[in-house]
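The structure under discussion appears below in the form of structure tokens.
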4 protein chains.
Amino acid sequence: MSEVAAVVMPAPGRALETRRFASPKAKPGGAVLETIASEVCGTDVHLHHGRLSGVPFPIIPGHVNCGRVLETGGPLADVEGHPILAGTIVTFFDVFGTCGSCWQCLVAKSATRCPHRRVYGITTSAVEGLLGGWSELIEILPGVRMLPLPEGIQPEDFMGGGCGLPTGFHAVERGGIALGDTVVVQGSGPVGLNAAIFAQLAGALDVYVVGAPKARLEAARRLGAADVLDIAQVPDPANRVRWVCERTGGRGADVVFEASGNPAAVAEGLEMLRDAGRYVVVGQYTDAGDIAINPHRHINRRHATILGCWGYEFTHLHRALQLMARHNTRFRWRELITREYALKDAGQALEDMERLAVVKALIRP
Amino acid sequence: MSEVAAVVMPAPGRALETRRFASPKAKPGGAVLETIASEVCGTDVHLHHGRLSGVPFPIIPGHVNCGRVLETGGPLADVEGHPILAGTIVTFFDVFGTCGSCWQCLVAKSATRCPHRRVYGITTSAVEGLLGGWSELIEILPGVRMLPLPEGIQPEDFMGGGCGLPTGFHAVERGGIALGDTVVVQGSGPVGLNAAIFAQLAGALDVYVVGAPKARLEAARRLGAADVLDIAQVPDPANRVRWVCERTGGRGADVVFEASGNPAAVAEGLEMLRDAGRYVVVGQYTDAGDIAINPHRHINRRHATILGCWGYEFTHLHRALQLMARHNTRFRWRELITREYALKDAGQALEDMERLAVVKALIRP
Amino acid sequence: MSEVAAVVMPAPGRALETRRFASPKAKPGGAVLETIASEVCGTDVHLHHGRLSGVPFPIIPGHVNCGRVLETGGPLADVEGHPILAGTIVTFFDVFGTCGSCWQCLVAKSATRCPHRRVYGITTSAVEGLLGGWSELIEILPGVRMLPLPEGIQPEDFMGGGCGLPTGFHAVERGGIALGDTVVVQGSGPVGLNAAIFAQLAGALDVYVVGAPKARLEAARRLGAADVLDIAQVPDPANRVRWVCERTGGRGADVVFEASGNPAAVAEGLEMLRDAGRYVVVGQYTDAGDIAINPHRHINRRHATILGCWGYEFTHLHRALQLMARHNTRFRWRELITREYALKDAGQALEDMERLAVVKALIRP
Amino acid sequence: MSEVAAVVMPAPGRALETRRFASPKAKPGGAVLETIASEVCGTDVHLHHGRLSGVPFPIIPGHVNCGRVLETGGPLADVEGHPILAGTIVTFFDVFGTCGSCWQCLVAKSATRCPHRRVYGITTSAVEGLLGGWSELIEILPGVRMLPLPEGIQPEDFMGGGCGLPTGFHAVERGGIALGDTVVVQGSGPVGLNAAIFAQLAGALDVYVVGAPKARLEAARRLGAADVLDIAQVPDPANRVRWVCERTGGRGADVVFEASGNPAAVAEGLEMLRDAGRYVVVGQYTDAGDIAINPHRHINRRHATILGCWGYEFTHLHRALQLMARHNTRFRWRELITREYALKDAGQALEDMERLAVVKALIRP
């Protein structure tokens with residue numbers, strides 16, 4: 001390929017454009033991928049509305065991707081030490097640049113809060129190269145970690161999980177599910193659905209999903225939710241809290257995951273939590289405003305543990321992928337993909353995602 | 001004593017009364033104490049304003065107390081198995097009735113949230129007997145656990161800690177101080193000061209106290225605070241947050257304790273917290289209203305851990321008392337006692353406590 | 001029933017006897033059960049050989065049991081507050097007498113190490129009454145906690161799990177399985193098989209079982225083990241360690257459970273563990289002797305975490321039973337029952353258990 | 001300096017030699033230090049006896065050091081972002097090369113078990129350059145992390161702690177001291193003494209030290225040990241266990257640290273541990289042989305948690321140094337230095353260390 005087509009988001013609110021780039025060459029320790037699929041996630045919608053700060057527009061969106069290795073800049077290996085060769089089907093950990101030498105990395109060991117951390121398709125500029133998945137080719141910079149898809153996993157399976165896969169995994173790890181815990185998930189988008197999956201795999205007795213619209217709740221049921229609640233049908237939060245209490249001996253759930261992105265969900269979810277339970281906030285990836293809570297009732301007297309959950313680390317992606325390989329016949333992630341779009345239809349994909357017309361949408365360059 | 005004087009709080013908002021009761025007799029497994037001192041705590045002020053629900057007025061206030069054993073209903077022992085005899089100077093764990101057979105006790109192991117849990121001087125009625133410390137005698141019911149004061153500890157030392165001692169201990173345990181953590185305490189009342197003490201004992205590098213008034217901040221300094229901030233002098237929360245950041249490499253503190261009772265402190269304190277830090281809410285013992293927080297900035301992106309902390313357990317009181325015996329020359333808890341009141345002046349004690357004219361106030365029957 | 005038959009173990013090494021007892025009457029807060037089934041576990045074999053200290057012979061063996069409530073001494077409820085009535089099919093938590101007031105209970109919160117803890121069928125004497133399951137009736141003392149079998153669970157299902165159910169549950173909780181961990185279980189008896197079940201439910205990627213004889217390993221395969229190793233076929237421990245390394249990228253397993261009862265398994269199992277892994281010792285319920293380990297290689301350099309696991313608590317039994325109700329079609333615990341014995345054949349049951357001729361053996365009075 | 005003198009250990013068992021090297025030049029991102037002091041630690045004795053595998057002889061010993069920056073290869077900063085300039089007095093984290101991309105680093109997050117990890121003065125060859133402290137100059141390779149000594153800390157203070165400082169810190173972190181825990185430390189060398197210090201700082205009620213010889217136990221007393229036991233005076237381990245039980249209500253200690261290097265200490269120390277206590281093995285840095293333990297009594301029935309502790313990470317050194325700056329007047333680490341040696345007397349230093357004639361020995365080039 002001498003020229004490569006890629007979709008560029010030039011600036012917040014401006015229409016997407018398909019531009020042509022020179023074909024990249026693998027740097028030493030890096031690689032070039034032929035894109036098989038890229039995802040459209042909620043963050044892409046937020047990016048387009050300019051809701052994230054520090055984005056170096058113009059950008060090529062698409063942070064979680066699957067591709068075929070075209071060439072590598074010297075011998076490369078995966079985390080187990082197995083070689084990654086031209087032709088291998090891989091995804092890659094979209095986060096890079098974590099410095100390993102700042103206070104957050106070395107002292108706090110909070111790698112997701114390293115100030116040097118960057119993310120493909122979000123904090124990479126199109127000026128730097130093909131560092132986003134809405135493109136025919138993707139450049140893998142040196143140090144970016146590729147993961148070959150495990151045996152039995154097709155690109156569609158992995159992309160059905162998408163960025164919700166490691167995000168949901170991380171949220172469940174952070175929540176610390178105990179064997180037999182009853183769990184509520186607020187939000188039925190990709191993060192919520194993957195949290196529901198991993199909560200089951202981590203030993204939950206029952207997982208309840210509170211969300212909308214209907215298609216996503218049906219997916220939740222298929223994925224093993226003990227019951228689902230459609231917030232469009234039950235608009236009063238007090239009734240939704242009552243619904244949870246009726247299913248939890250009147251006590252509330254042991255663990256509740258907020259995966260909705262709606263600030264109001266936080267106060268509602270804390271009411272769904274039993275005394276001394278754990279509440280994970282994983283859905284508030286952009287600033288959607290303030291919300292009133294009651295420190296006495298929601299936190300202190302409840303003896304609650306509230307856990308913010310930002311980003312994910314390599315281990316979450318690696319282990320999520322291994323578990324997918326074991327449980328793909330049970331969860332069939334690929335069925336979460338509602339629709340696929342060509343590069344030229346990326347704008348339509350953003351629109352469909354915004355009005356929740358799709359569970360998971362793919363870009364197929 | 002054939003008749004016993006005790007202060008009764010007849011109902012919210014009504015003046016305190018001194019009433020006379022028949023002298024109690026120790027029940028089998030119980031005891032009777034001659035009161036040496038009882039405390040006046042913030043909760044007593046809230047009780048008098050009717051801010052707690054489920055209080056069986058009329059009550060005899062005074063939940064943390066010190067006394068001399070007058071008689072026991074048969075042989076009694078402390079947790080180490082040493083006998084408790086007439087004449088022993090003791091305090092007792094004011095919480096009783098925790099059932100040991102409900103879901104909270106058995107499955108969640110959240111003893112402080114057992115629905116059968118009762119507290120001397122708060123959820124005990126004067127109709128039931130002398131179950132509060134603002135009284136010449138206190139009846140120790142069977143099953144209530146007494147703790148002899150360790151060698152070298154006088155009643156004044158223990159009462160200088162008061163209920164803030166085990167509450168502060170519990171908060172620090174919940175916060176999980178790591179060796180070398182930098183800590184901020186919001187609130188300079190007895191809970192905040194004891195949290196500052198135990199945070200130091202648990203390995204904090206530096207403890208900063210944000211509070212008022214001046215006398216309490218001077219106590220904080222004497223107790224080892226690296227620096228203190230008077231909120232009366234710095235009324236703008238943004239400046240207080242800046243003050244913390246200047247002392248923490250611009251990052252915020254590793255652990256922040258909210259021990260102020262002011263709901264607004266929660267949003268302010270979360271801004272004082274470093275990414276991936278821990279925030280303990282221990283000061284919101286009554287419902288003082290809602291507060292606006294930002295789920296994205298305060299919780300999710302901050303990867304924060306927020307820990308509500310309700311009540312305390314026997315182990316907290318037991319271990320706090322042992323540590324007091326080791327560190328009394330360093331912290332001199334008794335100096336926190338600003339003033340002592342006779343039974344007849346209990347109303348004055350409540351008033352002084354309410355306007356923060358005292359750090360710690362004692363009732364001396 | 002005016003007279004009740006029960007099997008008595010008069011003393012170590014002496015033949016079992018069937019004796020007749022007066023029919024018990026439910027004490028206030030207690031109950032009487034008509035026995036449906038009792039189990040024969042490895043501990044019963046050890047009891048008969050006199051390998052446990054402090055056993056008040058003569059005893060009626062049978063610590064984990066299922067029965068139908070004949071009568072109750074007043075209204076009783078389960079941990080959720082639902083009434084337990086005559087006719088209800090229940091099991092009960094065989095541990096009782098935990099004092100709730102000693103240092104272990106109150107300060108260390110290590111309830112399984114309370115010195116006052118007693119166990120039906122093990123530390124109860126036949127002189128005290130029908131406090132073991134190898135009897136037509138069982139007396140439930142006041143304070144002993146009964147658990148109604150959940151909907152869909154028959155006595156045979158529960159007894160197929162037996163005491164291995166909560167023991168395996170506790171071991172897995174103690175091991176702290178992380179999502180995607182690779183697990184090895186040493187020992188394929190009831191504890192090992194239940195540990196293999198709960199390790200899967202807790203999120204293990206793969207569970208490998210190392211044990212014998214063949215019938216038990218076939219059960220392990222049916223229960224989902226990724227692979228099994230027959231120690232009779234591979235007698236050299238070094239080859240068994242190699243077998244594990246080949247399945248774990250050469251690193252060893254993330255978590256290893258010792259559930260064999262053989263002291264030599266401990267040194268072998270530590271070699272099967274990856275650096276910084278967790279090793280749970282749950283199988284050494286009696287003193288079967290010393291074993292040589294190398295503190296440098298097995299513990300220090302390996303940065304290993306080794307976790308002894310003693311007994312179980314109510315919560316383990318409660319939650320294990322709830323999970324059984326969800327996963328009974330997947331694991332079919334009842335199929336672990338190899339053989340059932342009448343009271344008069346209890347001696348034969350002990351013999352069969354000792355030579356591992358059965359996986360799980362029941363007594364059916 | 002055009003030529004630099006350094007002590008070389010040519011091979012196990014061979015006499016030390018002073019050799020001359022060409023003066024190094026700082027690589028980009030690296031630096032050159034003028035050595036102020038280097039330590040002689042137990043590991044150096046083991047190295048000389050050939051007890052460690054994988055050592056690339058000839059080596060320049062001396063892994064923990066203090067020096068003055070002579071030159072830097074471009075601008076350098078410490079973990080807080082402050083510049084490190086020529087003239088700054090620093091120590092440095094002796095571990096380097098941790099890859100950040102292997103399974104241990106990325107998935108297990110067990111950085112001290114990364115196979116690429118290297119240590120100055122131990123796994124660095126003299127052929128590679130001045131990568132050990134027994135030398136007039138030390139080359140700081142790019143990526144090696146320097147730490148300026150905090151205000152008020154002199155090189156002698158830091159070197160009095162030496163490698164025992166971060167090792168003891170790590171051990172205490174791993175042990176997870178709870179407020180009010182009673183602690184036993186086995187071993188009174190630099191690791192044991194620093195563990196005793198940090199156990200106190202982390203909230204221990206009392207720390208007991210069991211060791212030898214007398215001079216080290218006197219140091220332990222000065223550093224705050226509640227009591228010490230001289231194993232030369234009490235040669236029977238059963239009596240030493242009894243001594244601990246007498247000081248712990250007959251129960252044993254909450255946490256025991258093995259910092260002796262003697263394998264036999266492990267079985268003895270487990271007997272000193274209370275039920276459900278934590279036992280940290282930090283002293284077994286070389287393979288000094290096997291030891292018999294009883295899995296039933298020492299681990300299973302005791303419900304013990306045994307924690308191997310290997311190496312240390314940057315955060316341990318960083319935080320230990322900060323705490324030293326706060327507590328130097330209390331612990332006066334520099335007084336642990338018994339003797340200082342010139343480069344030419346390094347052989348004598350090894351001999352003195354081996355026969356425990358010194359607590360802490362320094363090399364002063």
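We label chains A, B, ... in the order they appear in the structure tokens, count residues from 1 in each chain, and number ligands from 1 in the order shown.
Per DSSP on the backbone, strand (DSSP E) in stretch 35-105 of chain C comprises Thr35, Ile36, Ala37, Ser38, Glu39, Val40, Asn65, Cys66, Gly67, Arg68, Val69, Leu70, Glu71, Thr72, Leu76, Ala77, Pro83, Ile84, Ile89, Val90, Thr91, Phe92, Val95 and Phe96 of chain C.
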Residues from last step as file, N, CA and C atoms, as a PDB file, in the first residue's frame:
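Saved to result_34.pdb:
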ATOM      1  N   THR C  35     -33.130 -37.606  61.084  1.00  0.00           N
ATOM      2  CA  THR C  35     -31.975 -37.623  60.180  1.00  0.00           C
ATOM      3  C   THR C  35     -32.366 -38.174  58.816  1.00  0.00           C
ATOM      4  N   ILE C  36     -32.020 -37.465  57.772  1.00  0.00           N
ATOM      5  CA  ILE C  36     -32.176 -37.977  56.408  1.00  0.00           C
ATOM      6  C   ILE C  36     -30.875 -38.615  55.948  1.00  0.00           C
ATOM      7  N   ALA C  37     -29.788 -37.963  56.172  1.00  0.00           N
ATOM      8  CA  ALA C  37     -28.490 -38.526  55.790  1.00  0.00           C
ATOM      9  C   ALA C  37     -27.391 -37.845  56.591  1.00  0.00           C
ATOM     10  N   SER C  38     -26.346 -38.603  56.837  1.00  0.00           N
ATOM     11  CA  SER C  38     -25.152 -38.088  57.505  1.00  0.00           C
ATOM     12  C   SER C  38     -23.959 -38.519  56.665  1.00  0.00           C
ATOM     13  N   GLU C  39     -22.840 -37.817  56.810  1.00  0.00           N
ATOM     14  CA  GLU C  39     -21.725 -38.183  55.950  1.00  0.00           C
ATOM     15  C   GLU C  39     -20.650 -38.950  56.720  1.00  0.00           C
ATOM     16  N   VAL C  40     -19.836 -39.648  55.956  1.00  0.00           N
ATOM     17  CA  VAL C  40     -18.637 -40.287  56.466  1.00  0.00           C
ATOM     18  C   VAL C  40     -17.488 -39.494  55.854  1.00  0.00           C
ATOM     19  N   ASN C  65     -24.798 -33.004  58.183  1.00  0.00           N
ATOM     20  CA  ASN C  65     -26.016 -33.809  58.144  1.00  0.00           C
ATOM     21  C   ASN C  65     -27.162 -33.078  57.481  1.00  0.00           C
ATOM     22  N   CYS C  66     -28.168 -33.843  57.136  1.00  0.00           N
ATOM     23  CA  CYS C  66     -29.407 -33.291  56.617  1.00  0.00           C
ATOM     24  C   CYS C  66     -30.559 -33.958  57.362  1.00  0.00           C
ATOM     25  N   GLY C  67     -31.578 -33.174  57.688  1.00  0.00           N
ATOM     26  CA  GLY C  67     -32.703 -33.789  58.393  1.00  0.00           C
ATOM     27  C   GLY C  67     -33.985 -33.013  58.177  1.00  0.00           C
ATOM     28  N   ARG C  68     -35.052 -33.604  58.693  1.00  0.00           N
ATOM     29  CA  ARG C  68     -36.366 -32.955  58.634  1.00  0.00           C
ATOM     30  C   ARG C  68     -36.688 -32.499  60.056  1.00  0.00           C
ATOM     31  N   VAL C  69     -37.112 -31.267  60.210  1.00  0.00           N
ATOM     32  CA  VAL C  69     -37.415 -30.756  61.545  1.00  0.00           C
ATOM     33  C   VAL C  69     -38.636 -31.483  62.095  1.00  0.00           C
ATOM     34  N   LEU C  70     -38.439 -32.146  63.245  1.00  0.00           N
ATOM     35  CA  LEU C  70     -39.550 -32.829  63.913  1.00  0.00           C
ATOM     36  C   LEU C  70     -40.305 -31.863  64.813  1.00  0.00           C
ATOM     37  N   GLU C  71     -39.533 -31.138  65.584  1.00  0.00           N
ATOM     38  CA  GLU C  71     -40.162 -30.142  66.461  1.00  0.00           C
ATOM     39  C   GLU C  71     -39.133 -29.066  66.782  1.00  0.00           C
ATOM     40  N   THR C  72     -39.657 -27.886  67.115  1.00  0.00           N
ATOM     41  CA  THR C  72     -38.775 -26.790  67.513  1.00  0.00           C
ATOM     42  C   THR C  72     -39.180 -26.325  68.905  1.00  0.00           C
ATOM     43  N   LEU C  76     -38.406 -20.403  65.452  1.00  0.00           N
ATOM     44  CA  LEU C  76     -37.015 -20.289  65.008  1.00  0.00           C
ATOM     45  C   LEU C  76     -36.983 -19.695  63.611  1.00  0.00           C
ATOM     46  N   ALA C  77     -35.862 -19.066  63.267  1.00  0.00           N
ATOM     47  CA  ALA C  77     -35.738 -18.451  61.947  1.00  0.00           C
ATOM     48  C   ALA C  77     -34.347 -18.704  61.393  1.00  0.00           C
ATOM     49  N   PRO C  83     -39.078 -18.171  58.841  1.00  0.00           N
ATOM     50  CA  PRO C  83     -39.322 -19.158  59.906  1.00  0.00           C
ATOM     51  C   PRO C  83     -38.871 -20.568  59.514  1.00  0.00           C
ATOM     52  N   ILE C  84     -38.390 -21.298  60.499  1.00  0.00           N
ATOM     53  CA  ILE C  84     -38.070 -22.721  60.330  1.00  0.00           C
ATOM     54  C   ILE C  84     -39.126 -23.493  61.100  1.00  0.00           C
ATOM     55  N   ILE C  89     -36.888 -29.163  55.584  1.00  0.00           N
ATOM     56  CA  ILE C  89     -35.660 -29.941  55.372  1.00  0.00           C
ATOM     57  C   ILE C  89     -34.478 -28.999  55.553  1.00  0.00           C
ATOM     58  N   VAL C  90     -33.583 -29.368  56.451  1.00  0.00           N
ATOM     59  CA  VAL C  90     -32.475 -28.468  56.791  1.00  0.00           C
ATOM     60  C   VAL C  90     -31.143 -29.201  56.885  1.00  0.00           C
ATOM     61  N   THR C  91     -30.088 -28.432  56.786  1.00  0.00           N
ATOM     62  CA  THR C  91     -28.817 -28.855  57.339  1.00  0.00           C
ATOM     63  C   THR C  91     -28.549 -27.905  58.499  1.00  0.00           C
ATOM     64  N   PHE C  92     -27.435 -28.033  59.161  1.00  0.00           N
ATOM     65  CA  PHE C  92     -27.127 -27.071  60.218  1.00  0.00           C
ATOM     66  C   PHE C  92     -25.616 -26.880  60.290  1.00  0.00           C
ATOM     67  N   VAL C  95     -20.692 -26.333  63.781  1.00  0.00           N
ATOM     68  CA  VAL C  95     -19.840 -25.673  64.777  1.00  0.00           C
ATOM     69  C   VAL C  95     -20.726 -24.864  65.707  1.00  0.00           C
ATOM     70  N   PHE C  96     -20.483 -24.980  67.004  1.00  0.00           N
ATOM     71  CA  PHE C  96     -21.258 -24.177  67.941  1.00  0.00           C
ATOM     72  C   PHE C  96     -20.381 -23.861  69.152  1.00  0.00           C
TER      73      PHE C  96
END
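The interface of chain C with chain B at 9 Å, considering only C-alpha atoms, consists of C:Asp78, C:Val79, C:Glu80, C:Gly81, C:Gly100, C:Ser101, C:Cys102, C:Trp103, C:Leu106, C:Val107, C:Ala108, C:Lys109, C:Gly143, C:Arg145, C:Glu313, C:Phe314, C:Thr315, C:His316, C:His318, C:Arg319.
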Test item: residues at most 8 Å from B:Leu193, only C-alpha atoms, excluding those fewer than 3 positions along its chain, as a PyMOL selection string:
chain B and resi 164+168+187-190+196-197+219-220+223
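All residues of protein, DNA or RNA that reach within 7 Å of B:Val228, judged by only C-alpha atoms and not counting those fewer than 2 positions away in the chain, are Tyr208, Val209, Val210, Leu217, Arg221, Ala225 and Asp230 of chain B.
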Include N, CA and C atoms and write out the residues we just selected as a PDB file, in the first residue's frame.
ATOM      1  N   TYR B 208      -1.592  16.657  58.502  1.00  0.00           N
ATOM      2  CA  TYR B 208      -2.034  18.047  58.475  1.00  0.00           C
ATOM      3  C   TYR B 208      -3.478  18.113  58.968  1.00  0.00           C
ATOM      4  N   VAL B 209      -3.764  19.100  59.802  1.00  0.00           N
ATOM      5  CA  VAL B 209      -5.104  19.232  60.352  1.00  0.00           C
ATOM      6  C   VAL B 209      -5.729  20.540  59.878  1.00  0.00           C
ATOM      7  N   VAL B 210      -6.924  20.434  59.313  1.00  0.00           N
ATOM      8  CA  VAL B 210      -7.674  21.582  58.823  1.00  0.00           C
ATOM      9  C   VAL B 210      -8.901  21.710  59.707  1.00  0.00           C
ATOM     10  N   LEU B 217      -6.812  23.756  67.224  1.00  0.00           N
ATOM     11  CA  LEU B 217      -5.664  23.646  66.320  1.00  0.00           C
ATOM     12  C   LEU B 217      -4.360  23.665  67.099  1.00  0.00           C
ATOM     13  N   ARG B 221      -1.455  20.822  66.978  1.00  0.00           N
ATOM     14  CA  ARG B 221      -0.004  21.039  66.895  1.00  0.00           C
ATOM     15  C   ARG B 221       0.719  20.300  68.009  1.00  0.00           C
ATOM     16  N   ALA B 225       0.785  17.403  64.741  1.00  0.00           N
ATOM     17  CA  ALA B 225       0.459  17.790  63.365  1.00  0.00           C
ATOM     18  C   ALA B 225       1.634  18.553  62.762  1.00  0.00           C
ATOM     19  N   ASP B 230      -6.413  27.054  59.780  1.00  0.00           N
ATOM     20  CA  ASP B 230      -7.604  27.545  60.472  1.00  0.00           C
ATOM     21  C   ASP B 230      -8.624  27.967  59.413  1.00  0.00           C
TER      22      ASP B 230
END
Secondary structure check, helix (DSSP H, G or I) residues of stretch 86-251 of chain D, as a ChimeraX atom specification
/D:103-106,111-113,126-128,155-161,164-175,190-201,214-222,237-246
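Rounded to one decimal, atom CA of D:Pro142 and atom CA of D:Leu130 lie 13.7 Å from each other.
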In terms of the shortest atom-to-atom distance over only C-alpha atoms, which of C:Glu351, C:Asp254, C:Glu173, C:Glu335 is closest to C:Asp206?
C:Asp254
Can you pull out the residues contacting B:Lys27? Cut-off 9 Å, using only C-alpha atoms, and skip same-chain residues under 4 positions away; I want them as a PDB file with all heavy atoms, in the first residue's frame.
ATOM      1  N   ALA B  31     -22.869  -5.988  86.333  1.00  0.00           N
ATOM      2  CA  ALA B  31     -22.149  -5.281  87.386  1.00  0.00           C
ATOM      3  C   ALA B  31     -22.787  -3.925  87.620  1.00  0.00           C
ATOM      4  O   ALA B  31     -23.669  -3.505  86.868  1.00  0.00           O
ATOM      5  CB  ALA B  31     -20.676  -5.103  87.010  1.00  0.00           C
ATOM      6  N   VAL B  32     -22.346  -3.267  88.684  1.00  0.00           N
ATOM      7  CA  VAL B  32     -22.730  -1.876  88.923  1.00  0.00           C
ATOM      8  C   VAL B  32     -21.443  -1.076  89.118  1.00  0.00           C
ATOM      9  O   VAL B  32     -20.526  -1.516  89.817  1.00  0.00           O
ATOM     10  CB  VAL B  32     -23.637  -1.739  90.159  1.00  0.00           C
ATOM     11  CG1 VAL B  32     -23.927  -0.256  90.445  1.00  0.00           C
ATOM     12  CG2 VAL B  32     -24.944  -2.498  89.959  1.00  0.00           C
ATOM     13  N   THR B  72     -20.286  -7.075  91.382  1.00  0.00           N
ATOM     14  CA  THR B  72     -20.467  -7.845  90.150  1.00  0.00           C
ATOM     15  C   THR B  72     -21.459  -8.960  90.433  1.00  0.00           C
ATOM     16  O   THR B  72     -21.584  -9.431  91.569  1.00  0.00           O
ATOM     17  CB  THR B  72     -19.146  -8.486  89.661  1.00  0.00           C
ATOM     18  OG1 THR B  72     -18.763  -9.499  90.606  1.00  0.00           O
ATOM     19  CG2 THR B  72     -18.036  -7.458  89.539  1.00  0.00           C
ATOM     20  N   GLY B  73     -22.177  -9.366  89.417  1.00  0.00           N
ATOM     21  CA  GLY B  73     -23.122 -10.471  89.531  1.00  0.00           C
ATOM     22  C   GLY B  73     -22.427 -11.778  89.219  1.00  0.00           C
ATOM     23  O   GLY B  73     -22.635 -12.350  88.159  1.00  0.00           O
ATOM     24  N   GLY B  74     -21.560 -12.195  90.117  1.00  0.00           N
ATOM     25  CA  GLY B  74     -20.771 -13.407  89.869  1.00  0.00           C
ATOM     26  C   GLY B  74     -19.413 -13.043  89.300  1.00  0.00           C
ATOM     27  O   GLY B  74     -19.133 -11.870  89.048  1.00  0.00           O
ATOM     28  N   GLU B 139     -25.411   0.938  85.508  1.00  0.00           N
ATOM     29  CA  GLU B 139     -25.625  -0.504  85.518  1.00  0.00           C
ATOM     30  C   GLU B 139     -24.990  -1.127  84.284  1.00  0.00           C
ATOM     31  O   GLU B 139     -25.257  -0.717  83.147  1.00  0.00           O
ATOM     32  CB  GLU B 139     -27.133  -0.818  85.535  1.00  0.00           C
ATOM     33  CG  GLU B 139     -27.338  -2.326  85.662  1.00  0.00           C
ATOM     34  CD  GLU B 139     -28.787  -2.749  85.734  1.00  0.00           C
ATOM     35  OE1 GLU B 139     -29.672  -1.863  85.770  1.00  0.00           O
ATOM     36  OE2 GLU B 139     -29.028  -3.968  85.741  1.00  0.00           O
ATOM     37  N   ILE B 140     -24.143  -2.134  84.515  1.00  0.00           N
ATOM     38  CA  ILE B 140     -23.521  -2.888  83.423  1.00  0.00           C
ATOM     39  C   ILE B 140     -24.378  -4.130  83.203  1.00  0.00           C
ATOM     40  O   ILE B 140     -24.445  -5.015  84.067  1.00  0.00           O
ATOM     41  CB  ILE B 140     -22.078  -3.284  83.800  1.00  0.00           C
ATOM     42  CG1 ILE B 140     -21.228  -2.034  84.071  1.00  0.00           C
ATOM     43  CG2 ILE B 140     -21.444  -4.146  82.707  1.00  0.00           C
ATOM     44  CD1 ILE B 140     -21.078  -1.097  82.880  1.00  0.00           C
ATOM     45  N   LEU B 141     -25.034  -4.183  82.062  1.00  0.00           N
ATOM     46  CA  LEU B 141     -25.902  -5.332  81.779  1.00  0.00           C
ATOM     47  C   LEU B 141     -25.054  -6.565  81.480  1.00  0.00           C
ATOM     48  O   LEU B 141     -23.906  -6.448  81.035  1.00  0.00           O
ATOM     49  CB  LEU B 141     -26.804  -5.012  80.579  1.00  0.00           C
ATOM     50  CG  LEU B 141     -27.811  -3.876  80.798  1.00  0.00           C
ATOM     51  CD1 LEU B 141     -28.548  -3.558  79.486  1.00  0.00           C
ATOM     52  CD2 LEU B 141     -28.821  -4.253  81.889  1.00  0.00           C
ATOM     53  N   PRO B 142     -25.613  -7.756  81.702  1.00  0.00           N
ATOM     54  CA  PRO B 142     -24.881  -8.975  81.338  1.00  0.00           C
ATOM     55  C   PRO B 142     -24.514  -8.935  79.851  1.00  0.00           C
ATOM     56  O   PRO B 142     -25.336  -8.553  79.020  1.00  0.00           O
ATOM     57  CB  PRO B 142     -25.901 -10.087  81.610  1.00  0.00           C
ATOM     58  CG  PRO B 142     -26.876  -9.489  82.582  1.00  0.00           C
ATOM     59  CD  PRO B 142     -26.931  -8.031  82.284  1.00  0.00           C
TER      60      PRO B 142
END
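In this comparison, which uses only C-alpha atoms, the residue of A:Asp157, A:Ala86, A:Pro150, A:Pro365 approaching A:Thr329 most closely is A:Asp157.
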When you look at stretch 47-51 of chain A with a cut-off of 9 Å (counting only C-alpha atoms), what residues show up, excluding the ones that are within fewer than 6 positions of it in the same chain? I need them as a list of chain:residue names.
A:Met9, A:Ala11, A:Pro12, A:Gly13, A:Arg14, A:Ala15, A:Pro61, A:Ile122, A:Thr286, A:Asp287, A:Ala288, A:Leu350
Spatial neighbours of B:Leu16, max dist 8 Å, only C-alpha atoms, sep filter under 6 positions, as a short mmCIF file (atom, residue, chain, number, x, y, z; two decimals) with C-alpha atoms, in the first residue's frame:
data_model
loop_
_atom_site.label_atom_id
_atom_site.label_comp_id
_atom_site.auth_asym_id
_atom_site.auth_seq_id
_atom_site.Cartn_x
_atom_site.Cartn_y
_atom_site.Cartn_z
CA VAL B 7 -29.36 13.59 84.48
CA VAL B 8 -32.25 12.85 82.16
CA MET B 9 -32.79 14.26 78.69
CA PRO B 10 -36.58 14.01 78.60
CA ALA B 346 -24.86 19.24 82.34
CA GLY B 347 -27.00 21.72 80.42
#
